[in-house]
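Visitor: What follows is target_11.cif; its format and atoms are mmCIF, C-alpha atoms.
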```cif
data_final
loop_
_atom_site.group_PDB
_atom_site.id
_atom_site.type_symbol
_atom_site.label_atom_id
_atom_site.label_comp_id
_atom_site.auth_asym_id
_atom_site.auth_seq_id
_atom_site.Cartn_x
_atom_site.Cartn_y
_atom_site.Cartn_z
ATOM 1 C CA MET X 26 -40.667 7.701 -38.160
ATOM 2 C CA THR X 27 -38.643 8.284 -35.076
ATOM 3 C CA LYS X 28 -35.131 9.470 -35.135
ATOM 4 C CA LYS X 29 -32.633 7.557 -33.112
ATOM 5 C CA LYS X 30 -30.351 9.673 -31.037
ATOM 6 C CA ARG X 31 -26.770 9.311 -31.973
ATOM 7 C CA GLU X 32 -24.803 8.700 -28.849
ATOM 8 C CA ARG X 33 -21.186 9.580 -28.894
ATOM 9 C CA ARG X 34 -18.986 7.104 -27.096
ATOM 10 C CA ARG X 35 -15.726 8.321 -25.713
ATOM 11 C CA ASN X 36 -12.775 6.162 -24.960
ATOM 12 C CA PRO X 37 -11.281 7.202 -21.660
ATOM 13 C CA LEU X 38 -7.863 8.765 -22.064
ATOM 14 C CA ALA X 39 -5.044 7.029 -20.258
ATOM 15 C CA ARG X 40 -4.019 9.014 -17.216
ATOM 16 C CA PRO X 41 -0.272 9.620 -16.925
ATOM 17 C CA GLU X 42 1.993 8.070 -14.299
ATOM 18 C CA HIS X 43 3.628 10.384 -11.748
ATOM 19 C CA THR X 44 6.423 10.036 -9.200
ATOM 20 C CA LEU X 45 6.597 11.136 -5.580
ATOM 21 C CA LEU X 46 9.935 11.192 -3.725
ATOM 22 C CA ALA X 47 9.828 11.231 0.075
ATOM 23 C CA ALA X 48 12.461 11.343 2.828
ATOM 24 C CA VAL X 49 11.879 8.987 5.786
ATOM 25 C CA LYS X 50 11.345 10.760 9.157
ATOM 26 C CA SER X 51 10.172 8.004 11.494
ATOM 27 C CA VAL X 52 8.775 4.469 11.599
ATOM 28 C CA THR X 53 6.091 2.934 13.819
ATOM 29 C CA VAL X 54 5.002 -0.695 14.034
ATOM 30 C CA SER X 55 1.694 -2.161 15.186
ATOM 31 C CA TYR X 56 0.275 -5.667 15.370
ATOM 32 C CA PHE X 57 -3.302 -6.959 15.366
ATOM 33 C CA VAL X 58 -4.665 -10.456 15.985
ATOM 34 C CA GLY X 59 -8.321 -11.483 16.006
ATOM 35 C CA ASN X 60 -10.742 -14.406 15.867
ATOM 36 C CA HIS X 61 -13.070 -14.933 12.934
ATOM 37 C CA ALA X 62 -15.431 -17.718 11.893
ATOM 38 C CA ASP X 63 -12.790 -19.838 10.153
ATOM 39 C CA GLY X 64 -9.966 -19.377 12.660
ATOM 40 C CA VAL X 65 -7.616 -16.568 13.582
ATOM 41 C CA SER X 66 -5.871 -13.924 11.493
ATOM 42 C CA ASP X 67 -3.169 -11.418 12.274
ATOM 43 C CA GLU X 68 -1.793 -8.324 10.616
ATOM 44 C CA ALA X 69 1.462 -6.437 11.140
ATOM 45 C CA ILE X 70 1.587 -2.816 10.005
ATOM 46 C CA THR X 71 4.640 -0.609 9.576
ATOM 47 C CA ASP X 72 3.833 3.061 9.059
ATOM 48 C CA VAL X 73 6.696 5.027 7.529
ATOM 49 C CA PHE X 74 6.257 8.774 8.087
ATOM 50 C CA CYS X 75 7.992 10.873 5.421
ATOM 51 C CA ASN X 76 8.242 14.389 4.050
ATOM 52 C CA ILE X 77 7.562 14.896 0.353
ATOM 53 C CA VAL X 78 10.813 16.041 -1.294
ATOM 54 C CA ALA X 79 9.736 16.215 -4.959
ATOM 55 C CA MET X 80 6.839 15.327 -7.256
ATOM 56 C CA THR X 81 6.305 15.164 -11.001
ATOM 57 C CA LEU X 82 2.612 16.010 -10.502
ATOM 58 C CA ASP X 83 2.079 19.783 -10.573
ATOM 59 C CA MET X 84 1.164 20.242 -6.896
ATOM 60 C CA PRO X 85 3.951 22.446 -5.459
ATOM 61 C CA LYS X 86 2.060 23.036 -2.190
ATOM 62 C CA LEU X 87 2.538 19.347 -1.302
ATOM 63 C CA VAL X 88 6.351 19.538 -1.265
ATOM 64 C CA GLY X 89 7.384 19.492 2.402
ATOM 65 C CA LYS X 90 4.061 17.976 3.540
ATOM 66 C CA GLU X 91 3.827 14.591 5.254
ATOM 67 C CA VAL X 92 3.099 11.369 3.401
ATOM 68 C CA VAL X 93 2.650 8.005 5.125
ATOM 69 C CA CYS X 94 3.671 4.712 3.530
ATOM 70 C CA SER X 95 1.859 1.812 5.232
ATOM 71 C CA LEU X 96 3.384 -1.634 4.716
ATOM 72 C CA LEU X 97 1.203 -4.549 5.755
ATOM 73 C CA CYS X 98 1.671 -8.285 6.214
ATOM 74 C CA SER X 99 -1.173 -10.637 7.058
ATOM 75 C CA ARG X 100 -1.582 -14.304 7.942
ATOM 76 C CA GLN X 101 -4.573 -16.563 8.497
ATOM 77 C CA TYR X 102 -4.722 -19.566 10.799
ATOM 78 C CA GLY X 103 -7.506 -22.064 10.173
ATOM 79 C CA ARG X 104 -9.221 -24.049 12.922
ATOM 80 C CA VAL X 105 -8.064 -27.639 13.430
ATOM 81 C CA ASP X 106 -10.810 -30.245 13.787
ATOM 82 C CA ASP X 107 -8.510 -33.184 14.502
ATOM 83 C CA PRO X 108 -9.836 -34.962 17.647
ATOM 84 C CA ASP X 109 -6.275 -36.130 18.441
ATOM 85 C CA GLU X 110 -5.077 -32.532 18.756
ATOM 86 C CA LYS X 111 -4.430 -32.015 22.477
ATOM 87 C CA GLY X 112 -3.451 -28.346 22.502
ATOM 88 C CA TRP X 113 -5.815 -25.459 22.840
ATOM 89 C CA PRO X 114 -7.096 -23.414 21.001
ATOM 90 C CA ARG X 115 -6.454 -26.009 18.274
ATOM 91 C CA ILE X 116 -5.281 -23.599 15.575
ATOM 92 C CA GLY X 117 -3.738 -24.816 12.325
ATOM 93 C CA LYS X 118 -0.536 -23.746 10.604
ATOM 94 C CA GLY X 119 -0.334 -20.087 9.507
ATOM 95 C CA GLN X 120 -0.920 -19.194 5.883
ATOM 96 C CA THR X 121 0.616 -15.943 4.662
ATOM 97 C CA VAL X 122 -1.884 -13.753 2.814
ATOM 98 C CA PRO X 123 -1.192 -12.671 0.123
ATOM 99 C CA GLU X 124 1.684 -14.711 -1.277
ATOM 100 C CA ARG X 125 2.707 -11.875 -3.571
ATOM 101 C CA PRO X 126 2.900 -8.089 -3.167
ATOM 102 C CA PHE X 127 -0.353 -6.185 -3.543
ATOM 103 C CA LEU X 128 -0.213 -2.407 -4.151
ATOM 104 C CA LEU X 129 -3.161 -0.350 -2.978
ATOM 105 C CA ASN X 130 -3.694 3.306 -3.969
ATOM 106 C CA MET X 131 -2.135 6.748 -3.548
ATOM 107 C CA ARG X 132 -4.257 9.299 -1.720
ATOM 108 C CA LEU X 133 -3.286 12.960 -1.986
ATOM 109 C CA SER X 134 -4.930 15.942 -0.325
ATOM 110 C CA LYS X 135 -3.919 19.484 0.587
ATOM 111 C CA ASP X 136 -2.489 18.154 3.881
ATOM 112 C CA GLY X 137 -0.258 15.435 2.401
ATOM 113 C CA GLY X 138 -0.744 11.857 1.365
ATOM 114 C CA LEU X 139 -0.968 8.161 2.117
ATOM 115 C CA PHE X 140 -0.115 5.011 0.160
ATOM 116 C CA SER X 141 0.069 1.371 1.163
ATOM 117 C CA ALA X 142 0.933 -2.155 0.096
ATOM 118 C CA TYR X 143 0.578 -5.713 1.367
ATOM 119 C CA LEU X 144 3.897 -7.538 1.218
ATOM 120 C CA PRO X 145 4.947 -11.181 1.484
ATOM 121 C CA GLU X 146 6.159 -12.053 4.980
ATOM 122 C CA ALA X 147 9.914 -12.248 4.205
ATOM 123 C CA ALA X 148 9.955 -8.936 2.324
ATOM 124 C CA TYR X 149 7.866 -7.226 5.011
ATOM 125 C CA TRP X 150 10.167 -8.179 7.908
ATOM 126 C CA ALA X 151 13.355 -7.424 5.941
ATOM 127 C CA LEU X 152 12.097 -3.942 4.995
ATOM 128 C CA GLN X 153 10.905 -3.242 8.524
ATOM 129 C CA ALA X 154 14.366 -4.006 9.943
ATOM 130 C CA ASP X 155 16.092 -1.759 7.361
ATOM 131 C CA LEU X 156 13.611 1.076 7.922
ATOM 132 C CA LYS X 157 13.811 0.881 11.740
ATOM 133 C CA SER X 158 17.639 0.892 11.628
ATOM 134 C CA GLY X 159 17.602 4.040 9.460
ATOM 135 C CA ARG X 160 19.429 2.391 6.553
ATOM 136 C CA LEU X 161 16.648 3.124 4.053
ATOM 137 C CA LYS X 162 16.164 6.897 3.902
ATOM 138 C CA PHE X 163 14.076 7.495 0.761
ATOM 139 C CA ILE X 164 10.901 6.159 -0.795
ATOM 140 C CA GLU X 165 9.970 6.723 -4.424
ATOM 141 C CA ALA X 166 6.352 5.936 -5.246
ATOM 142 C CA LYS X 167 4.924 5.875 -8.773
ATOM 143 C CA PHE X 168 1.194 6.267 -9.258
ATOM 144 C CA ILE X 169 -1.444 7.010 -11.882
ATOM 145 C CA GLU X 170 -2.594 10.623 -11.846
ATOM 146 C CA PRO X 171 -5.212 10.929 -9.103
ATOM 147 C CA ARG X 172 -8.900 11.570 -9.642
ATOM 148 C CA ARG X 173 -10.688 13.098 -6.681
ATOM 149 C CA GLY X 174 -7.523 12.582 -4.650
ATOM 150 C CA TYR X 175 -7.025 8.855 -5.409
ATOM 151 C CA GLY X 176 -4.730 7.204 -7.960
ATOM 152 C CA ASP X 177 -3.535 3.633 -8.457
ATOM 153 C CA LEU X 178 -0.109 2.937 -6.960
ATOM 154 C CA THR X 179 2.155 1.293 -9.583
ATOM 155 C CA SER X 180 5.473 0.858 -7.726
ATOM 156 C CA ILE X 181 7.369 1.587 -4.508
ATOM 157 C CA TYR X 182 11.157 1.871 -4.391
ATOM 158 C CA PHE X 183 13.120 2.062 -1.106
ATOM 159 C CA SER X 184 16.697 3.366 -1.153
ATOM 160 C CA GLU X 185 19.593 4.633 0.942
ATOM 161 C CA ALA X 186 20.161 7.678 -1.310
ATOM 162 C CA PRO X 187 17.763 9.682 -3.459
ATOM 163 C CA PRO X 188 17.444 8.582 -7.093
ATOM 164 C CA GLU X 189 18.967 10.791 -9.795
ATOM 165 C CA GLU X 190 15.619 12.203 -10.959
ATOM 166 C CA PRO X 191 12.216 11.949 -9.250
#
```
Translate the structure of the given file into C-alpha coordinates.
Guide:
Amino acid sequence: MTKKKRERRRNPLARPEHTLLAAVKSVTVSYFVGNHADGVSDEAITDVFCNIVAMTLDMPKLVGKEVVCSLLCSRQYGRVDDPDEKGWPRIGKGQTVPERPFLLNMRLSKDGGLFSAYLPEAAYWALQADLKSGRLKFIEAKFIEPRRGYGDLTSIYFSEAPPEEP
(Lines of atoms letter the chains of each structure in order from A and count residues from 1; the text may use other names and numbers.)
(Lines give C-alpha, C1' and ligand atoms only; values in the text may rest on other atoms or scores of the structure.)
Protein backbone atom coordinates (compact mmCIF):
# COMPACT_ATOMS: atom_id res chain seq x y z
CA MET A 1 0.00 0.00 0.00
CA THR A 2 1.17 3.46 -0.78
CA LYS A 3 0.74 6.33 1.53
CA LYS A 4 -0.75 9.46 0.13
CA LYS A 5 1.05 12.60 1.06
CA ARG A 6 -1.05 14.96 3.03
CA GLU A 7 -0.78 18.35 1.47
CA ARG A 8 -1.49 21.30 3.63
CA ARG A 9 -3.42 24.03 1.90
CA ARG A 10 -3.03 27.53 3.17
CA ASN A 11 -5.50 30.29 2.65
CA PRO A 12 -3.66 33.46 1.77
CA LEU A 13 -3.92 36.06 4.50
CA ALA A 14 -5.50 39.34 3.49
CA ARG A 15 -2.86 42.02 3.15
CA PRO A 16 -3.67 45.26 4.98
CA GLU A 17 -4.50 48.56 3.30
CA HIS A 18 -2.07 51.46 3.76
CA THR A 19 -2.18 55.20 3.10
CA LEU A 20 0.36 57.49 1.47
CA LEU A 21 0.02 61.28 1.76
CA ALA A 22 1.92 63.40 -0.77
CA ALA A 23 2.33 67.15 -1.35
CA VAL A 24 2.11 68.30 -4.99
CA LYS A 25 5.33 69.89 -6.36
CA SER A 26 4.73 70.18 -10.10
CA VAL A 27 2.52 68.97 -12.94
CA THR A 28 3.39 68.02 -16.52
CA VAL A 29 1.04 67.11 -19.36
CA SER A 30 1.70 65.03 -22.47
CA TYR A 31 -0.44 63.85 -25.36
CA PHE A 32 -0.10 60.89 -27.72
CA VAL A 33 -2.05 60.00 -30.87
CA GLY A 34 -1.45 57.00 -33.12
CA ASN A 35 -2.91 54.84 -35.88
CA HIS A 36 -3.85 51.22 -35.30
CA ALA A 37 -5.65 48.59 -37.36
CA ASP A 38 -9.16 49.64 -36.35
CA GLY A 39 -8.67 53.41 -36.47
CA VAL A 40 -6.90 55.97 -34.33
CA SER A 41 -6.48 56.28 -30.57
CA ASP A 42 -5.16 59.03 -28.36
CA GLU A 43 -4.04 59.31 -24.77
CA ALA A 44 -3.53 62.33 -22.53
CA ILE A 45 -1.27 61.91 -19.51
CA THR A 46 -0.89 64.23 -16.54
CA ASP A 47 2.07 63.42 -14.31
CA VAL A 48 1.79 64.94 -10.84
CA PHE A 49 5.19 65.05 -9.11
CA CYS A 50 4.91 65.00 -5.31
CA ASN A 51 6.93 64.54 -2.14
CA ILE A 52 5.81 61.86 0.30
CA VAL A 53 4.69 63.60 3.51
CA ALA A 54 3.47 60.60 5.55
CA MET A 55 2.77 56.88 5.25
CA THR A 56 1.05 54.26 7.37
CA LEU A 57 3.36 51.58 5.94
CA ASP A 58 6.51 51.25 8.06
CA MET A 59 8.99 52.66 5.52
CA PRO A 60 10.36 55.85 7.15
CA LYS A 61 13.12 56.23 4.53
CA LEU A 62 10.45 56.99 1.90
CA VAL A 63 9.16 60.12 3.67
CA GLY A 64 10.49 63.09 1.68
CA LYS A 65 11.11 60.99 -1.45
CA GLU A 66 9.35 61.66 -4.75
CA VAL A 67 6.19 59.87 -5.83
CA VAL A 68 4.53 60.37 -9.22
CA CYS A 69 0.78 60.14 -9.73
CA SER A 70 -0.01 59.55 -13.42
CA LEU A 71 -3.56 60.35 -14.52
CA LEU A 72 -4.53 59.07 -17.95
CA CYS A 73 -7.44 59.57 -20.33
CA SER A 74 -7.81 57.65 -23.58
CA ARG A 75 -10.13 57.69 -26.58
CA GLN A 76 -10.50 55.49 -29.64
CA TYR A 77 -11.71 56.59 -33.06
CA GLY A 78 -12.93 53.86 -35.40
CA ARG A 79 -12.52 53.99 -39.18
CA VAL A 80 -15.55 55.08 -41.20
CA ASP A 81 -16.39 52.95 -44.24
CA ASP A 82 -19.25 55.12 -45.49
CA PRO A 83 -18.64 55.80 -49.23
CA ASP A 84 -20.53 59.11 -48.90
CA GLU A 85 -18.00 60.41 -46.38
CA LYS A 86 -16.05 63.12 -48.23
CA GLY A 87 -13.51 64.07 -45.57
CA TRP A 88 -10.17 62.46 -45.06
CA PRO A 89 -8.95 60.43 -43.16
CA ARG A 90 -12.55 59.27 -42.68
CA ILE A 91 -12.39 58.75 -38.91
CA GLY A 92 -15.50 58.07 -36.84
CA LYS A 93 -16.70 59.72 -33.65
CA GLY A 94 -14.42 59.39 -30.60
CA GLN A 95 -15.23 56.84 -27.93
CA THR A 96 -13.83 57.51 -24.46
CA VAL A 97 -12.04 54.49 -23.01
CA PRO A 98 -12.74 53.53 -20.27
CA GLU A 99 -16.12 54.98 -19.33
CA ARG A 100 -15.37 54.59 -15.64
CA PRO A 101 -12.26 55.13 -13.50
CA PHE A 102 -9.70 52.34 -13.52
CA LEU A 103 -7.06 52.25 -10.75
CA LEU A 104 -3.75 50.61 -11.56
CA ASN A 105 -1.13 49.75 -8.90
CA MET A 106 1.20 51.39 -6.39
CA ARG A 107 4.90 50.83 -6.96
CA LEU A 108 7.29 51.61 -4.12
CA SER A 109 11.07 51.35 -4.11
CA LYS A 110 13.92 52.84 -2.10
CA ASP A 111 13.91 55.87 -4.45
CA GLY A 112 10.20 56.71 -4.16
CA GLY A 113 7.06 55.58 -5.88
CA LEU A 114 4.59 55.69 -8.73
CA PHE A 115 0.84 55.12 -9.00
CA SER A 116 -1.63 55.71 -11.81
CA ALA A 117 -5.26 55.66 -12.88
CA TYR A 118 -7.32 55.97 -16.05
CA LEU A 119 -10.10 58.51 -15.61
CA PRO A 120 -13.25 59.37 -17.55
CA GLU A 121 -12.72 62.35 -19.85
CA ALA A 122 -14.68 64.95 -17.81
CA ALA A 123 -12.98 64.02 -14.53
CA TYR A 124 -9.54 63.95 -16.17
CA TRP A 125 -9.78 67.47 -17.64
CA ALA A 126 -11.34 68.95 -14.49
CA LEU A 127 -8.57 67.51 -12.29
CA GLN A 128 -5.86 68.62 -14.70
CA ALA A 129 -7.10 72.23 -14.58
CA ASP A 130 -7.23 72.22 -10.75
CA LEU A 131 -3.77 70.64 -10.47
CA LYS A 132 -2.17 73.01 -13.02
CA SER A 133 -3.67 76.06 -11.25
CA GLY A 134 -2.21 74.89 -7.92
CA ARG A 135 -5.61 74.62 -6.21
CA LEU A 136 -5.17 70.94 -5.34
CA LYS A 137 -2.08 70.61 -3.15
CA PHE A 138 -2.32 67.11 -1.63
CA ILE A 139 -2.91 63.57 -2.83
CA GLU A 140 -3.86 60.73 -0.50
CA ALA A 141 -3.50 57.28 -2.04
CA LYS A 142 -4.69 54.07 -0.38
CA PHE A 143 -3.20 50.77 -1.47
CA ILE A 144 -2.86 47.13 -0.45
CA GLU A 145 0.45 46.35 1.24
CA PRO A 146 3.00 45.83 -1.53
CA ARG A 147 4.65 42.54 -2.41
CA ARG A 148 7.97 42.87 -4.21
CA GLY A 149 7.33 46.60 -4.46
CA TYR A 150 3.83 46.42 -6.03
CA GLY A 151 0.43 46.74 -4.35
CA ASP A 152 -3.09 47.28 -5.68
CA LEU A 153 -4.23 50.91 -5.59
CA THR A 154 -7.65 51.17 -3.87
CA SER A 155 -8.36 54.93 -3.90
CA ILE A 156 -6.96 58.36 -4.74
CA TYR A 157 -8.13 61.52 -2.97
CA PHE A 158 -7.14 65.03 -4.15
CA SER A 159 -7.50 67.97 -1.75
CA GLU A 160 -6.60 71.59 -1.08
CA ALA A 161 -5.49 70.86 2.52
CA PRO A 162 -4.02 67.74 4.10
CA PRO A 163 -6.52 65.33 5.67
CA GLU A 164 -6.65 65.09 9.47
CA GLU A 165 -4.82 61.74 9.63
CA PRO A 166 -2.90 59.96 6.85
Visitor: Hey, which of X:Arg173, X:Arg160, X:Arg132, X:Lys167 ends up closest to Met80 of chain X? Count only C-alpha atoms.
Guide: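 Distance minimum relative to Met80 of chain X lands on X:Lys167.
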Visitor: Env of segment 59-69 of chain X: 7 Å cut, atoms = only C-alpha atoms, seq-sep filter 3 positions within chain, self excluded. Answer as a ChimeraX atom specification.
Guide: /X:55-56,97-104,116
Visitor: Go through X:Val54, X:Ser184, X:Ser141, X:Trp150 and flag the residue nearest Ile70 of chain X, using all atoms listed in the file for the distances.
Guide: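 Checking each of X:Val54, X:Ser184, X:Ser141, X:Trp150 against Ile70 of chain X, counting all atoms listed in the file, the winner is X:Val54.
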Visitor: Between X:Ala147, X:Val88, X:Leu156, X:Ala142, which has the minimum distance to Phe74 of chain X (counting all atoms listed in the file)?
Guide: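 Closest candidate: X:Leu156.
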Visitor: Name the residues that the PyMOL selection byres ((chain X and resi 188) around 12) pulls out of this structure, and write them as a count of residues only.
Guide: 21
Visitor: Evaluated on this file, the PyMOL selection byres ((chain X and resi 135) around 12) picks out some residues - which ones are they, written as number ranges by chain?
Guide: X: 84-92, 132-134, 136-139, 173-174
Visitor: As an exercise, work out the distance from atom CA of Cys94 of chain X to atom CA of Arg40 of chain X in Å and give it to one decimal place.
Guide: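 Atom-to-atom, atom CA of Cys94 of chain X to atom CA of Arg40 of chain X, that is 22.5 Å.
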Visitor: Translate the PyMOL selection byres ((chain X and resi 158) around 12) into a concrete residue list for this structure, as a list in words.
Guide: Val49, Lys50, Ser51, Val52, Thr53, Ala151, Leu152, Gln153, Ala154, Asp155, Leu156, Lys157, Gly159, Arg160, Leu161, Lys162 and Glu185 of chain X
Visitor: Just to confirm, what's the straight-line distance from atom CA of Tyr149 of chain X to atom CA of Met131 of chain X in Å (one decimal)?
Guide: 19.2 Å
Visitor: Could you please determine the separation between atom CA of Pro171 of chain X and atom CA of Ala148 of chain X in Å, to one decimal place?
Guide: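 Between these atoms lies a distance of 27.5 Å.
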